[in-house]
Amino acid sequence: MNNKDKPPTSNNQPVIRKLIPRTSEALAAIGLGTYSVFDSPVLQNKDGSMGQTLKIFVEQGGQIIDSSPMYGNAENVVGDLLQKLNLTKKIFYATKVWTRGIESGRRQISQSFKYFRTNTIDLFQIHNLLDWKTHLPTIEKLKDEGAIRYVGITHYHEGSYPELEKLIKTKLFDFVQLNYSILEREAANTVLPTAQFEGVGVIANRPFASGSSLFQMVKDKPVPEWATTIGCQEWAQLFLKYVISHPAVTVAIPATGNPVHMSQNMAAGTGSLLSDDEQKEFEKYFDHITAKK
Ligand SMILES: NC(=O)c1ccc[n+]([C@@H]2O[C@H](COP(=O)([O-])OP(=O)(O)OC[C@H]3O[C@@H](n4cnc5c(N)ncnc54)[C@H](OP(=O)(O)O)[C@@H]3O)[C@@H](O)[C@H]2O)c1
């Protein structure tokens with residue numbers, strides 16, 4: 001991509017891209033999660049905000065969209081809107097298999113291609129490691145056939161981090177997805193260094209620790225002065241910048257169906273990353289302002 005083709009960003013800063021380990025392919029460091037916000041009962045929401053959100057995401061250089069059959073109608077809604085908006089070519093599609101049994105897994109995987117309206121899914125993950133040994137051969141076969149490009153595993157619970165680390169070391173997987181945020185830092189001591197050492201990409205989910213309670217904790221508290229000078233005017237932007245600044249993290253996938261939030265989130269994926277010292281300073285500041293008195 002030359003400069004002319006680069007999508008404009010809201011603040012004219014370059015999009016931060018991170019390499020997928022062991023490849024020469026780079027991804028914009030802010031992606032989009034679809035849990036609950038894209039689980040709509042209709043295939044076109046009334047006020048058009050979901051389509052608008054997707055448009056802003058792509059216009060500002062976003063690539064990876066993460067979904068799962070666990071998220072109700074989300075794959076179908078996203079697939080429908082991307083097709084209607086003619087945005088399919090720009091997307092790095094990521095989804096998951098979340099069921100038990102080989103036949104049920106095959107059916108679910110094949111349904112994801114139909115819902116996304118695509119012949120290629122960039123990343124197929126095994127959701128919460130559910131029956132992973134059963135699903136891996138199905139996914140690997142599709143990878144050999146070129147229908148899937150990368151294979152991943154996910155989990156949301158710290159208790160499963162030792163297993164994630166064990167599986168990362170097998171080299172069977174290209175990506176691991178897990179919780180990582182200023183409020184959920186445990187992965188930084190365990191899975192993240194292992195993934196970095198072994199050359200496995202990291203997708204940081206729940207970068208806002210699911211949202212409302214994290215934002216509530218900093219309500220009425222100022223974003224630190226030094227952060228505003230590097231483009232983090234909003235708390236959301238500093239939370240995201242913190243996550244993508246970890247050297248092991250390839251991409252963070254905040255969920256939003258709100259176009260204004262989407263723009264804020266994309267802006268966090270531009271400019272520069274936090275230095276090691278800035279990450280530590282933010283941890284200290286956050287712990288201080290949120291400490292229970
Ligand atoms: N085991 C797994 O594989 C697993 C587990 C958990 C999550 N995930 C994936 O990770 C994604 C992200 O996790 P999540 O959805 O649980 O939580 P999250 O991204 O940490 O938080 C989402 C919440 O933050 C709000 N938000 C987004 N941008 C904002 C902004 N700029 N300002 C204020 N609020 C903002 C959203 O509300 P608005 O819509 O109002 O913006 C939404 O309520 C999921 O959607 C899913 O794709 C995977």
# chains A, B, ... in the order shown; residues from 1 in each chain; ligands from 1
$ closest_atom_pairs --of "region 76-124 of chain A" --to "region 130-148 of chain A" --cutoff "10 Å" --atoms "only C-alpha atoms" --output "CSV"
residue,atom,partner,partner_atom,distance
A:Tyr93,CA,A:Ile148,CA,9.7
A:Ala94,CA,A:Ile148,CA,9.7
A:Val97,CA,A:His135,CA,7.8
A:Trp98,CA,A:Leu130,CA,6.3
A:Thr99,CA,A:Leu130,CA,6.6
A:Arg100,CA,A:Asp131,CA,5.6
A:Gly101,CA,A:Thr134,CA,6.6
A:Ile102,CA,A:Thr134,CA,5.9
A:Glu103,CA,A:His135,CA,9.4
A:Ser104,CA,A:His135,CA,9.6
A:Gly105,CA,A:His135,CA,6.3
A:Arg106,CA,A:Thr138,CA,6.9
A:Ile109,CA,A:Ile139,CA,8.4
A:Phe113,CA,A:Ala147,CA,9.3
A:Thr118,CA,A:Ala147,CA,9.3
A:Asn119,CA,A:Ala147,CA,6.3
A:Thr120,CA,A:Ala147,CA,4.6
A:Ile121,CA,A:Ile148,CA,5.1
A:Asp122,CA,A:Ile148,CA,5.5
A:Leu123,CA,A:Ile148,CA,6.3
A:Phe124,CA,A:Ile148,CA,6.8
$ residues_near_ligand --ligand "ligand 1" --cutoff "8 Å" --atoms "only C-alpha atoms and all ligand atoms" --output "PyMOL selection string"
chain A and resi 32-37+65-68+96+127-128+153-157+177-179+181+204-212+215+234-237+253-265
$ select_by_dssp --residues "region 131-192 of chain A" --states "strand (DSSP E or B)" --output "JSON list (two decimals) with C-alpha atoms, in the first residue's frame"
[["chain", "number", "residue", "atom", "x", "y", "z"],
["A", 148, "ILE", "CA", -8.85, -20.53, 6.28],
["A", 149, "ARG", "CA", -5.54, -18.65, 6.63],
["A", 150, "TYR", "CA", -4.77, -18.76, 10.34],
["A", 151, "VAL", "CA", -5.78, -20.93, 13.30],
["A", 152, "GLY", "CA", -6.29, -19.73, 16.87],
["A", 153, "ILE", "CA", -7.43, -20.55, 20.39],
["A", 154, "THR", "CA", -9.24, -18.37, 22.88],
["A", 175, "PHE", "CA", -3.03, -16.72, 17.33],
["A", 176, "VAL", "CA", -4.17, -16.77, 20.92],
["A", 177, "GLN", "CA", -7.04, -14.58, 22.12],
["A", 178, "LEU", "CA", -7.58, -13.64, 25.76],
["A", 179, "ASN", "CA", -8.56, -10.82, 28.13]]
$ residues_around --residues "Thr194 (chain A)" --least-positions-apart "2" --cutoff "10 Å" --atoms "only C-alpha atoms" --output "list of chain:residue names"
A:Leu164, A:Glu165, A:Lys166, A:Ile168, A:Lys169, A:Ala187, A:Ala188, A:Asn189, A:Thr190, A:Val191, A:Leu192, A:Gln196, A:Phe197, A:Glu198, A:Gly199, A:Val200, A:Ala248
$ write_last_selection --atoms "all heavy atoms" --output "compact mmCIF listing (two decimals), in the first residue's frame"
# COMPACT_ATOMS: atom_id res chain seq x y z
N LEU A 164 -3.45 -22.53 27.86
CA LEU A 164 -3.15 -21.71 26.67
C LEU A 164 -1.64 -21.70 26.42
O LEU A 164 -1.18 -21.87 25.29
CB LEU A 164 -3.65 -20.27 26.85
CG LEU A 164 -5.16 -20.02 26.78
CD1 LEU A 164 -5.45 -18.53 26.95
CD2 LEU A 164 -5.77 -20.53 25.48
N GLU A 165 -0.87 -21.54 27.50
CA GLU A 165 0.59 -21.49 27.33
C GLU A 165 1.13 -22.81 26.78
O GLU A 165 1.99 -22.82 25.91
CB GLU A 165 1.27 -21.19 28.68
CG GLU A 165 1.08 -19.76 29.13
CD GLU A 165 1.96 -19.45 30.33
OE1 GLU A 165 1.47 -19.66 31.46
OE2 GLU A 165 3.12 -19.04 30.14
N LYS A 166 0.58 -23.90 27.31
CA LYS A 166 1.02 -25.23 26.84
C LYS A 166 0.72 -25.38 25.34
O LYS A 166 1.56 -25.84 24.57
CB LYS A 166 0.26 -26.30 27.65
CG LYS A 166 1.03 -27.59 27.83
CD LYS A 166 0.35 -28.51 28.81
CE LYS A 166 -0.77 -29.27 28.12
NZ LYS A 166 -1.69 -29.93 29.04
N ILE A 168 0.24 -22.98 23.11
CA ILE A 168 1.05 -22.04 22.30
C ILE A 168 2.38 -22.71 21.94
O ILE A 168 2.87 -22.60 20.82
CB ILE A 168 1.30 -20.74 23.11
CG1 ILE A 168 0.04 -19.88 23.12
CG2 ILE A 168 2.49 -19.96 22.56
CD1 ILE A 168 0.11 -18.71 24.10
N LYS A 169 2.94 -23.44 22.92
CA LYS A 169 4.26 -24.05 22.70
C LYS A 169 4.22 -25.19 21.68
O LYS A 169 5.26 -25.60 21.18
CB LYS A 169 4.83 -24.55 24.03
CG LYS A 169 5.25 -23.41 24.94
CD LYS A 169 5.75 -23.91 26.27
CE LYS A 169 5.97 -22.74 27.22
NZ LYS A 169 6.07 -23.15 28.61
N ALA A 187 -2.48 -11.64 32.16
CA ALA A 187 -1.85 -12.24 30.97
C ALA A 187 -0.43 -11.72 30.75
O ALA A 187 0.41 -12.43 30.17
CB ALA A 187 -2.70 -11.96 29.74
N ALA A 188 -0.14 -10.50 31.22
CA ALA A 188 1.19 -9.92 31.00
C ALA A 188 2.28 -10.71 31.72
O ALA A 188 3.46 -10.64 31.36
CB ALA A 188 1.21 -8.47 31.45
N ASN A 189 1.89 -11.46 32.76
CA ASN A 189 2.88 -12.26 33.50
C ASN A 189 2.97 -13.69 32.97
O ASN A 189 3.82 -14.45 33.43
CB ASN A 189 2.49 -12.35 34.99
CG ASN A 189 2.36 -10.99 35.60
OD1 ASN A 189 3.17 -10.12 35.33
ND2 ASN A 189 1.32 -10.79 36.41
N THR A 190 2.07 -14.07 32.11
CA THR A 190 2.00 -15.49 31.74
C THR A 190 1.93 -15.67 30.22
O THR A 190 2.95 -15.87 29.57
CB THR A 190 0.75 -16.13 32.40
OG1 THR A 190 -0.41 -15.35 32.04
CG2 THR A 190 0.86 -16.17 33.90
N VAL A 191 0.72 -15.58 29.68
CA VAL A 191 0.52 -15.94 28.26
C VAL A 191 1.23 -14.98 27.31
O VAL A 191 1.78 -15.40 26.29
CB VAL A 191 -0.99 -16.01 27.92
CG1 VAL A 191 -1.20 -16.48 26.50
CG2 VAL A 191 -1.72 -16.93 28.90
N LEU A 192 1.23 -13.68 27.62
CA LEU A 192 1.80 -12.73 26.66
C LEU A 192 3.29 -12.98 26.41
O LEU A 192 3.70 -13.08 25.25
CB LEU A 192 1.54 -11.28 27.09
CG LEU A 192 0.07 -10.83 27.16
CD1 LEU A 192 -0.03 -9.31 27.27
CD2 LEU A 192 -0.73 -11.30 25.97
N GLN A 196 4.87 -14.19 22.82
CA GLN A 196 5.90 -13.38 22.16
C GLN A 196 7.15 -14.24 21.86
O GLN A 196 7.69 -14.20 20.75
CB GLN A 196 6.28 -12.21 23.07
CG GLN A 196 7.12 -11.16 22.38
CD GLN A 196 7.44 -9.97 23.29
OE1 GLN A 196 7.02 -9.94 24.46
NE2 GLN A 196 8.16 -9.03 22.78
N PHE A 197 7.55 -15.04 22.84
CA PHE A 197 8.72 -15.89 22.66
C PHE A 197 8.51 -16.93 21.56
O PHE A 197 9.39 -17.20 20.76
CB PHE A 197 9.05 -16.58 24.00
CG PHE A 197 10.28 -17.43 23.94
CD1 PHE A 197 11.54 -16.84 24.01
CD2 PHE A 197 10.20 -18.80 23.79
CE1 PHE A 197 12.70 -17.62 23.93
CE2 PHE A 197 11.33 -19.59 23.72
CZ PHE A 197 12.58 -19.00 23.79
N GLU A 198 7.30 -17.50 21.52
CA GLU A 198 7.03 -18.59 20.58
C GLU A 198 6.59 -18.08 19.20
O GLU A 198 6.39 -18.87 18.28
CB GLU A 198 5.92 -19.52 21.13
CG GLU A 198 6.25 -20.18 22.46
CD GLU A 198 7.34 -21.26 22.34
OE1 GLU A 198 7.62 -21.72 21.23
OE2 GLU A 198 7.94 -21.60 23.40
N GLY A 199 6.38 -16.76 19.07
CA GLY A 199 5.97 -16.22 17.77
C GLY A 199 4.52 -16.50 17.44
O GLY A 199 4.18 -16.90 16.32
N VAL A 200 3.65 -16.30 18.42
CA VAL A 200 2.21 -16.49 18.22
C VAL A 200 1.53 -15.12 18.40
O VAL A 200 1.82 -14.40 19.36
CB VAL A 200 1.67 -17.53 19.23
CG1 VAL A 200 0.14 -17.55 19.27
CG2 VAL A 200 2.18 -18.92 18.85
N ALA A 248 3.77 -7.94 22.92
CA ALA A 248 3.23 -9.22 22.45
C ALA A 248 1.88 -9.07 21.74
O ALA A 248 1.46 -9.95 21.00
CB ALA A 248 3.06 -10.17 23.64
$ residues_around --residues "region 272-276 of chain A" --least-positions-apart "4" --cutoff "10 Å" --atoms "only C-alpha atoms" --output "PDB file with C-alpha atoms, in the first residue's frame"
ATOM      1  CA  GLN A  13      -1.648  10.379  12.285  1.00  0.00           C
ATOM      2  CA  PRO A  14      -0.490   7.119  10.671  1.00  0.00           C
ATOM      3  CA  VAL A  15      -2.338   3.918  11.618  1.00  0.00           C
ATOM      4  CA  ILE A  16      -0.284   1.672  13.913  1.00  0.00           C
ATOM      5  CA  ALA A 227      -1.436  11.139  27.852  1.00  0.00           C
ATOM      6  CA  ILE A 230       0.108  11.928  22.796  1.00  0.00           C
ATOM      7  CA  GLY A 231      -3.450  12.011  21.447  1.00  0.00           C
ATOM      8  CA  LEU A 238      -5.662   5.572  26.841  1.00  0.00           C
ATOM      9  CA  LYS A 241      -3.220   2.530  23.725  1.00  0.00           C
ATOM     10  CA  TYR A 242      -2.085   0.740  26.897  1.00  0.00           C
ATOM     11  CA  VAL A 243      -3.245  -2.636  25.545  1.00  0.00           C
ATOM     12  CA  ILE A 244      -1.733  -2.349  22.067  1.00  0.00           C
ATOM     13  CA  SER A 245       1.535  -1.020  23.498  1.00  0.00           C
ATOM     14  CA  HIS A 246       2.372  -4.400  25.013  1.00  0.00           C
ATOM     15  CA  PRO A 247       4.941  -5.799  22.563  1.00  0.00           C
ATOM     16  CA  ALA A 268      -6.193   5.287  19.658  1.00  0.00           C
ATOM     17  CA  LYS A 280       4.163   1.643  34.104  1.00  0.00           C
ATOM     18  CA  GLU A 281       3.250   5.238  34.882  1.00  0.00           C
ATOM     19  CA  PHE A 282      -0.301   4.615  33.661  1.00  0.00           C
TER      20      PHE A 282
END
